[in-house]
$ cat run.cif   # mmCIF, C-alpha atoms
data_data
loop_
_atom_site.label_atom_id
_atom_site.label_comp_id
_atom_site.auth_asym_id
_atom_site.auth_seq_id
_atom_site.Cartn_x
_atom_site.Cartn_y
_atom_site.Cartn_z
CA MET A 17 155.67 173.65 118.27
CA ASN A 18 155.77 173.46 114.52
CA ALA A 19 153.36 171.52 112.31
CA LYS A 20 155.89 168.74 111.64
CA ARG A 21 156.35 168.06 115.34
CA ILE A 22 152.57 168.01 115.95
CA LEU A 23 152.13 165.56 113.10
CA PHE A 24 154.93 163.34 114.39
CA LEU A 25 153.49 163.27 117.92
CA SER A 26 149.99 162.53 116.60
CA VAL A 27 151.25 159.61 114.56
CA VAL A 28 153.27 158.23 117.48
CA SER A 29 150.27 158.57 119.86
CA LEU A 30 148.00 156.83 117.36
CA TRP A 31 150.54 154.06 116.87
CA ILE A 32 150.93 153.51 120.62
CA ALA A 33 147.15 153.47 121.13
CA ALA A 34 146.68 151.01 118.28
CA THR A 35 149.41 148.61 119.33
CA ALA A 36 149.00 148.69 123.14
CA PRO A 37 148.30 145.10 124.33
CA ALA A 38 144.71 144.43 125.34
CA ALA A 39 144.31 143.24 128.91
CA LEU A 40 142.14 140.25 127.99
CA VAL A 41 143.77 138.23 125.23
CA TRP A 42 141.86 135.46 123.48
CA GLU A 43 143.69 132.36 122.27
CA LYS A 44 141.25 132.13 119.33
CA THR A 45 138.14 134.10 118.49
CA THR A 46 136.92 131.52 115.96
CA VAL A 47 136.51 127.85 116.78
CA GLU A 48 135.70 125.33 114.07
CA LEU A 49 133.87 122.13 115.01
CA ASN A 50 133.14 118.96 113.08
CA PRO A 51 130.58 117.05 115.16
CA ALA A 52 129.98 113.37 114.42
CA LEU A 53 127.05 112.30 112.25
CA GLY A 54 123.85 112.51 114.28
CA ALA A 55 125.49 114.25 117.26
CA PRO A 56 122.90 116.30 119.19
CA SER A 57 125.26 119.15 120.08
CA ALA A 58 128.74 120.57 119.56
CA VAL A 59 130.85 122.29 122.19
CA GLY A 60 133.43 124.99 121.54
CA VAL A 61 135.87 126.39 124.12
CA PHE A 62 137.24 129.92 123.90
CA LYS A 63 140.30 130.41 126.13
CA TYR A 64 141.49 133.77 127.38
CA GLU A 65 144.21 135.27 129.57
CA ASN A 66 144.37 138.59 131.34
CA LYS A 67 147.75 139.99 130.24
CA GLY A 68 147.09 143.42 131.72
CA ASN A 69 147.89 144.83 135.13
CA THR A 70 144.35 145.20 136.41
CA ALA A 71 141.40 142.84 136.88
CA VAL A 72 138.91 142.55 134.02
CA HIS A 73 135.20 142.07 134.70
CA PHE A 74 132.65 140.55 132.33
CA LYS A 75 129.55 142.68 131.93
CA GLY A 76 126.78 140.11 132.24
CA ALA A 77 126.32 136.83 130.43
CA PRO A 78 127.61 136.47 126.87
CA ARG A 79 124.99 137.16 124.17
CA THR A 80 124.54 134.54 121.48
CA SER A 81 123.26 135.11 117.94
CA CYS A 82 120.85 132.20 118.12
CA GLY A 83 118.63 130.57 120.73
CA CYS A 84 120.34 127.32 119.74
CA THR A 85 123.64 128.37 121.35
CA VAL A 86 124.30 128.70 125.07
CA ALA A 87 127.54 130.25 126.35
CA ALA A 88 128.72 129.83 129.92
CA LEU A 89 131.22 132.03 131.74
CA GLN A 90 133.67 130.34 134.10
CA LYS A 91 134.00 133.43 136.30
CA ASN A 92 132.98 137.08 136.26
CA GLU A 93 136.31 138.55 137.34
CA VAL A 94 139.67 137.76 135.77
CA ALA A 95 142.69 138.79 137.83
CA PRO A 96 145.95 139.90 136.13
CA GLY A 97 147.78 136.85 134.76
CA GLU A 98 144.73 134.64 135.26
CA LYS A 99 143.46 132.30 132.55
CA GLY A 100 139.92 131.12 131.89
CA GLU A 101 137.49 130.01 129.23
CA ILE A 102 134.01 130.39 127.87
CA THR A 103 132.20 127.22 126.87
CA ALA A 104 129.70 127.52 124.05
CA THR A 105 127.24 124.68 123.43
CA PHE A 106 125.53 124.63 120.07
CA ASN A 107 122.39 122.48 119.89
CA ILE A 108 122.37 121.09 116.37
CA GLY A 109 118.70 120.12 116.14
CA ASP A 110 117.81 119.51 112.48
CA ARG A 111 120.37 121.97 111.13
CA THR A 112 122.57 121.03 108.20
CA GLY A 113 125.67 122.34 106.44
CA VAL A 114 127.96 125.07 107.71
CA GLN A 115 126.59 126.92 110.72
CA MET A 116 128.13 130.14 111.99
CA LYS A 117 127.01 131.32 115.42
CA THR A 118 128.42 134.28 117.29
CA ILE A 119 128.89 134.95 120.99
CA THR A 120 129.30 138.57 122.03
CA VAL A 121 131.29 139.17 125.20
CA GLU A 122 131.42 142.54 126.94
CA THR A 123 134.03 143.51 129.53
CA ASP A 124 135.24 146.62 131.33
CA ASP A 125 138.58 146.29 129.51
CA PRO A 126 138.94 149.76 127.95
CA GLN A 127 141.19 148.42 125.18
CA ASN A 128 138.73 145.79 124.07
CA PRO A 129 135.27 146.28 125.59
CA THR A 130 133.46 144.02 123.11
CA THR A 131 134.69 140.75 121.62
CA VAL A 132 132.76 138.69 119.11
CA LEU A 133 133.56 134.98 119.25
CA THR A 134 132.54 132.77 116.34
CA LEU A 135 131.56 129.14 116.48
CA LYS A 136 131.72 127.49 113.09
CA ALA A 137 130.18 124.03 112.95
CA ASN A 138 130.24 121.80 109.89
CA ILE A 139 127.18 119.61 110.25
CA ALA A 140 127.67 116.39 108.33
CA GLN A 141 124.65 115.09 106.51
CA LEU A 142 123.98 111.43 105.90
CA LEU A 143 121.34 112.03 103.28
CA GLU A 144 119.82 114.80 101.21
CA LEU A 145 116.36 114.47 99.68
CA GLN A 146 115.75 116.49 96.55
CA PRO A 147 113.07 117.66 96.68
CA ALA A 148 111.66 116.79 100.08
CA PHE A 149 108.15 117.65 98.87
CA VAL A 150 106.23 116.47 95.82
CA PHE A 151 102.68 117.47 94.96
CA TRP A 152 100.01 117.02 92.32
CA GLN A 153 97.31 119.45 91.36
CA ALA A 154 93.77 118.15 91.73
CA GLY A 155 92.85 116.28 88.57
CA GLU A 156 96.47 116.12 87.33
CA GLU A 157 97.49 112.78 85.82
CA ALA A 158 98.59 110.53 88.67
CA LYS A 159 102.09 109.92 87.25
CA PRO A 160 104.98 109.05 89.59
CA LYS A 161 107.24 111.91 90.72
CA THR A 162 110.82 111.29 91.77
CA ILE A 163 112.64 112.27 94.93
CA LEU A 164 116.39 111.80 94.68
CA ALA A 165 118.11 110.47 97.79
CA LYS A 166 121.70 111.74 97.67
CA ALA A 167 124.40 110.61 100.07
CA GLY A 168 126.14 113.30 102.09
CA LYS A 169 129.81 114.16 101.60
CA GLY A 170 132.00 111.13 102.29
CA VAL A 171 129.00 108.82 102.78
CA THR A 172 128.24 105.74 100.69
CA LEU A 173 124.63 104.65 100.68
CA LYS A 174 124.02 100.91 100.72
CA ASN A 175 120.26 101.10 100.63
CA VAL A 176 117.30 103.34 101.33
CA GLU A 177 114.07 102.14 102.90
CA VAL A 178 110.91 104.21 102.41
CA THR A 179 107.50 103.85 104.03
CA SER A 180 104.41 105.96 103.39
CA SER A 181 102.11 107.05 106.22
CA SER A 182 99.13 106.63 103.91
CA GLY A 183 98.05 103.90 101.53
CA ASP A 184 96.95 106.67 99.16
CA PHE A 185 100.55 106.98 97.98
CA THR A 186 103.02 104.33 96.91
CA ALA A 187 106.78 104.84 97.17
CA ARG A 188 109.18 102.62 95.22
CA VAL A 189 112.94 102.78 95.57
CA GLU A 190 115.35 102.10 92.71
CA PRO A 191 119.11 102.68 92.41
CA GLY A 192 119.96 105.97 90.71
CA PRO A 193 123.17 107.44 89.26
CA ALA A 194 126.42 107.75 91.25
CA GLY A 195 125.35 105.85 94.35
CA GLN A 196 122.08 107.76 94.64
CA PHE A 197 118.61 106.30 95.02
CA LYS A 198 115.42 107.30 93.27
CA ILE A 199 112.20 107.30 95.28
CA ASN A 200 109.28 107.19 92.88
CA VAL A 201 106.13 108.47 94.57
CA GLN A 202 102.68 108.02 93.07
CA PRO A 203 99.20 108.91 94.34
CA LYS A 204 96.40 106.44 93.74
CA ASP A 205 94.03 109.21 92.82
CA THR A 206 94.24 112.97 92.25
CA GLY A 207 90.51 113.64 92.44
CA LYS A 208 90.61 114.61 96.11
CA ALA A 209 93.03 116.16 98.62
CA LEU A 210 95.56 113.66 99.96
CA ASN A 211 98.58 113.89 102.26
CA ALA A 212 101.34 111.50 103.23
CA THR A 213 104.59 111.59 105.10
CA LEU A 214 107.30 109.40 103.64
CA THR A 215 109.77 108.07 106.19
CA VAL A 216 113.19 107.52 104.66
CA LYS A 217 115.72 105.33 106.46
CA PRO A 218 119.17 105.37 104.85
CA ASP A 219 121.58 102.49 105.38
CA ALA A 220 125.12 103.78 105.07
CA GLY A 221 126.67 101.04 107.18
CA THR A 222 127.78 103.64 109.74
CA GLY A 223 125.36 102.62 112.45
CA ALA A 224 123.90 106.15 112.56
CA ALA A 225 120.13 105.66 112.71
CA LYS A 226 118.99 109.05 111.47
CA VAL A 227 115.54 109.13 109.86
CA TYR A 228 114.54 111.63 107.17
CA TYR A 229 111.11 112.73 106.00
CA ALA A 230 109.54 113.79 102.73
CA GLN A 231 106.00 114.92 102.05
CA ALA A 232 103.60 114.02 99.26
CA ARG A 233 100.38 115.85 98.65
CA VAL A 234 97.46 116.11 96.22
CA MET A 235 96.09 119.65 96.29
CA PRO A 236 92.40 120.16 97.08
CA PRO A 237 90.16 120.59 94.04
CA GLY A 238 89.80 124.25 93.04
CA THR A 239 93.44 125.14 93.82
CA ALA A 240 94.98 127.38 91.18
CA LYS A 241 97.87 126.10 89.08
CA PRO A 242 101.36 127.57 89.73
CA MET B 10 149.36 174.17 101.36
CA LYS B 11 151.61 171.53 99.79
CA THR B 12 152.87 170.46 103.21
CA LEU B 13 149.32 170.14 104.55
CA LEU B 14 148.33 167.98 101.58
CA ARG B 15 151.42 165.78 102.04
CA GLN B 16 150.70 165.37 105.76
CA SER B 17 147.06 164.50 105.09
CA LEU B 18 148.08 161.90 102.54
CA LEU B 19 150.59 160.45 105.02
CA LEU B 20 147.91 160.16 107.71
CA ILE B 21 145.43 158.55 105.30
CA GLY B 22 148.13 156.14 104.16
CA LEU B 23 148.94 155.17 107.75
CA ALA B 24 145.26 154.64 108.52
CA LEU B 25 144.84 152.47 105.43
CA LEU B 26 147.65 150.08 106.40
CA PRO B 27 145.90 148.35 109.36
CA ALA B 28 142.59 148.51 107.45
CA ALA B 29 144.15 146.63 104.52
CA GLY B 30 145.69 144.13 106.95
CA GLN B 31 142.33 143.47 108.60
CA ALA B 32 140.57 143.13 105.25
CA LEU B 33 143.13 140.51 104.21
CA TYR B 34 143.06 138.67 107.53
CA TYR B 35 139.27 138.53 107.75
CA ARG B 36 138.63 138.07 104.03
CA ASP B 37 137.00 134.64 104.50
CA LYS B 38 135.47 135.39 107.87
CA VAL B 39 133.09 138.17 107.00
CA SER B 40 130.14 137.79 104.69
CA TRP B 41 130.17 140.58 102.17
CA GLN B 42 126.97 139.43 100.57
CA THR B 43 123.42 139.75 101.81
CA PRO B 44 122.09 136.21 102.04
CA VAL B 45 118.63 137.23 100.92
CA ALA B 46 118.03 139.25 97.77
CA ALA B 47 116.01 142.44 98.19
CA SER B 48 113.25 140.90 96.06
CA GLU B 49 112.85 138.14 98.64
CA MET B 50 112.31 140.56 101.53
CA VAL B 51 108.90 141.99 102.31
CA THR B 52 107.80 144.91 104.45
CA LEU B 53 105.03 144.49 107.00
CA PRO B 54 102.49 146.68 105.12
CA GLN B 55 103.14 144.69 101.93
CA ALA B 56 102.72 141.35 103.68
CA GLN B 57 99.56 142.49 105.42
CA SER B 58 98.06 143.55 102.11
CA TRP B 59 98.31 139.94 100.87
CA SER B 60 95.86 138.91 103.63
CA ALA B 61 94.30 135.46 103.27
CA ASP B 62 96.75 134.16 100.70
CA THR B 63 99.64 134.37 103.16
CA ILE B 64 101.09 131.64 105.34
CA TRP B 65 102.93 133.22 108.28
CA ILE B 66 105.85 131.25 109.66
CA ASP B 67 107.47 131.94 113.01
CA ALA B 68 111.13 130.89 112.91
CA ARG B 69 111.86 131.75 116.55
CA PRO B 70 112.46 129.16 119.30
CA GLN B 71 109.34 127.38 120.57
CA ASP B 72 109.17 129.20 123.93
CA GLU B 73 109.10 132.61 122.22
CA PHE B 74 106.43 131.37 119.78
CA GLU B 75 104.32 130.10 122.66
CA ARG B 76 104.52 133.43 124.49
CA GLU B 77 103.16 135.38 121.52
CA HIS B 78 103.11 135.19 117.74
CA VAL B 79 101.45 136.61 114.65
CA PRO B 80 97.84 135.32 114.69
CA GLY B 81 97.61 132.12 112.66
CA ALA B 82 101.39 131.77 112.30
CA LEU B 83 102.90 128.28 112.22
CA LEU B 84 106.06 127.39 114.10
CA LEU B 85 108.95 126.22 111.91
CA ASN B 86 112.51 126.34 113.15
CA GLU B 87 115.66 124.33 112.60
CA ASP B 88 115.55 122.84 116.10
CA ARG B 89 112.71 120.58 114.94
CA TRP B 90 112.62 121.07 111.17
CA ASN B 91 111.68 117.48 110.31
CA GLU B 92 108.83 117.40 112.78
CA LEU B 93 107.40 120.86 112.01
CA LEU B 94 107.70 120.99 108.23
CA PRO B 95 104.69 118.72 107.46
CA GLN B 96 102.22 121.15 109.08
CA VAL B 97 103.48 123.93 106.78
CA LEU B 98 103.32 121.80 103.65
CA ALA B 99 99.80 120.64 104.59
CA VAL B 100 98.45 124.18 104.20
CA TRP B 101 100.72 125.35 101.40
CA ALA B 102 99.38 125.86 97.89
CA PRO B 103 101.23 127.18 94.83
CA GLU B 104 99.27 130.44 94.77
CA LYS B 105 99.99 131.20 98.44
CA ARG B 106 102.80 133.39 99.69
CA VAL B 107 104.94 132.39 102.64
CA VAL B 108 106.17 135.12 105.01
CA ILE B 109 108.81 134.14 107.57
CA TYR B 110 109.89 136.14 110.57
CA CYS B 111 112.31 135.76 113.46
CA SER B 112 112.98 138.04 116.42
CA SER B 113 114.41 141.13 114.77
CA GLU B 114 116.21 142.55 111.77
CA SER B 115 119.51 141.05 112.90
CA CYS B 116 118.41 137.45 113.49
CA GLY B 117 119.28 134.97 110.77
CA SER B 118 116.86 132.11 111.33
CA SER B 119 114.13 133.47 109.05
CA ARG B 120 116.66 133.62 106.21
CA GLU B 121 117.79 130.07 106.92
CA ILE B 122 114.21 128.78 106.95
CA ALA B 123 113.42 130.64 103.73
CA HIS B 124 116.51 129.14 102.09
CA ARG B 125 115.58 125.60 103.14
CA LEU B 126 111.95 125.94 102.06
CA ARG B 127 113.10 127.01 98.61
CA LYS B 128 115.96 124.55 98.26
CA GLU B 129 114.68 121.44 100.01
CA ALA B 130 110.90 121.68 99.60
CA GLY B 131 111.04 123.55 96.30
CA LEU B 132 108.53 126.20 97.44
CA THR B 133 108.20 129.48 95.58
CA ASN B 134 106.88 132.86 96.78
CA VAL B 135 108.85 132.62 100.02
CA PHE B 136 109.60 135.96 101.69
CA VAL B 137 111.46 137.18 104.78
CA LEU B 138 109.74 139.88 106.85
CA GLU B 139 111.85 143.02 107.26
CA GLY B 140 112.32 143.80 110.96
CA GLY B 141 110.87 140.46 112.06
CA TRP B 142 108.72 140.09 115.17
CA GLU B 143 109.97 143.46 116.48
CA ALA B 144 108.46 145.22 113.47
CA TRP B 145 105.14 143.43 114.02
CA LYS B 146 105.08 144.34 117.72
CA LYS B 147 105.97 147.97 116.99
CA GLU B 148 103.16 148.26 114.49
CA LYS B 149 100.62 146.80 116.90
CA GLN B 150 101.56 149.11 119.80
#
$ encode --input "run.cif" --output "structure tokens"
Amino acid sequence: MNAKRILFLSVVSLWIAATAPAALVWEKTTVELNPALGAPSAVGVFKYENKGNTAVHFKGAPRTSCGCTVAALQKNEVAPGEKGEITATFNIGDRTGVQMKTITVETDDPQNPTTVLTLKANIAQLLELQPAFVFWQAGEEAKPKTILAKAGKGVTLKNVEVTSSSGDFTARVEPGPAGQFKINVQPKDTGKALNATLTVKPDAGTGAAKVYYAQARVMPPGTAKP
Amino acid sequence: MKTLLRQSLLLIGLALLPAAGQALYYRDKVSWQTPVAASEMVTLPQAQSWSADTIWIDARPQDEFEREHVPGALLLNEDRWNELLPQVLAVWAPEKRVVIYCSSESCGSSREIAHRLRKEAGLTNVFVLEGGWEAWKKEKQ
């Protein structure tokens, strides 16, 4: 057999190996979710079909990239021609923005022993506080500091209500630029350590009753300056 | 020799075709950037040398934190961010360093927590522990 023939056969074998259909075929390996404002969880479904000639077995439960995601198998064995799905539940908690979580599935399918499924969730935010923490050094002039309450994408804020957990701090709300609100926080005194939690209730007219928090603090005397 | 070179180039070219296809198909699905800069990572020996000026934050789920954690560490994860953040801010001071860990090198929650502490609370000196809880456990064994 000459070199040309060996090369040709190698290329053909590689091509066949690379293009041979996998037994377990996934409809989608990435699912994008847009849960409603304030939704506690988001559920993604990954559908598959065994297009091979032999049964495929899942090797144990799917592994998730985060404790916040739980993936459930419908069955452990998938017969030829059989369809099924994996349901992934992502607990949103206090997460914000774009969240990417992966689910790793292992099977005895020699063509495709490991599949990584991706759950992409766009967590809508009603409000963003910038910053969510204001502080004063001990002895610093007790001037007000501003927290900007910005509406999330596609949200129009009608009003923002703020209450302080401590009478040592006052919080006044005034309208800011471009539909934002300014929360002016002021300590009564900076001679001693003080703490307060500011509870921020946005009214966006959506009915979603999500509450946000900011912190205000006067550092204890003797704390170094930044 | 010429033939061998030509055949090698042909094989390399054939191998590059599917690779280029995959790179194009997955171009927006794979992160090519490390979310945390090297300067914001810290090794365990470094973090331990900071001693009393360090606030340790455990970014793992509550049940894992309750089983075992770095002595003195505070729990802060995104499951209950709003509820847990005040206890961190109550002990924070500008001169203190914050070291965050999650389960292992591959987990992402410590990076997420570090990002939020910087962006939302405006904290500085926030670091992610290389190797996470696994590195701590290994060192203590």
$ residues_around --input "run.cif" --residues "region 85-100 of chain B" --least-positions-apart "5" --cutoff "7 Å" --atoms "all atoms listed in the file" --output "list in words"
Gly109, Asp110, Arg111, Tyr229 and Gln231 of chain A; Ile66, Asp67, Ala68, Arg69, Pro70 and Ile122 of chain B
$ resolve_selection --input "run.cif" --expression "the PyMOL selection byres ((chain A and resi 147) around 6)" --output "number ranges by chain"
A: 145-146, 148-149, 163; B: 129-130
$ closest_residue --input "run.cif" --among "A:Gln127, A:Thr179, A:Gln153, A:Asn69" --to "chain B" --atoms "only C-alpha atoms"
A:Gln153
$ resolve_selection --input "run.cif" --expression "the PyMOL selection byres ((chain A) within 10 of (chain B))" --output "ChimeraX atom specification"
/A:19-20,23-24,26-27,30-31,34,46,81-84,107-112,116-117,134,144-151,153,210-213,227-236,239-242
$ resolve_selection --input "run.cif" --expression "the PyMOL selection byres ((chain A and resi 115) around 7)" --output "MDAnalysis selection string"
chainID A and resid 113:114 116:117 136:138
$ write_last_selection --input "run.cif" --atoms "C-alpha atoms" --output "JSON list (two decimals), in the frame of the given file"
[["chain", "number", "residue", "atom", "x", "y", "z"],
["A", 113, "GLY", "CA", 125.67, 122.34, 106.44],
["A", 114, "VAL", "CA", 127.96, 125.07, 107.71],
["A", 116, "MET", "CA", 128.13, 130.14, 111.99],
["A", 117, "LYS", "CA", 127.01, 131.32, 115.42],
["A", 136, "LYS", "CA", 131.72, 127.49, 113.09],
["A", 137, "ALA", "CA", 130.18, 124.03, 112.95],
["A", 138, "ASN", "CA", 130.24, 121.80, 109.89]]
$ atom_distance --input "run.cif" --atom1 "CA of Asn66 (chain A)" --atom2 "CA of Pro126 (chain A)"
12.9 Å
$ atom_distance --input "run.cif" --atom1 "CA of Asp219 (chain A)" --atom2 "CA of Ser182 (chain A)"
22.9 Å
$ atom_distance --input "run.cif" --atom1 "CA of Gly141 (chain B)" --atom2 "CA of Glu114 (chain B)"
5.7 Å
$ residues_around --input "run.cif" --residues "Lys44 (chain A)" --least-positions-apart "6" --cutoff "10 Å" --atoms "all atoms listed in the file" --output "list of chain:residue names"
A:Val61, A:Phe62, A:Lys63, A:Tyr64, A:Leu133, A:Thr134
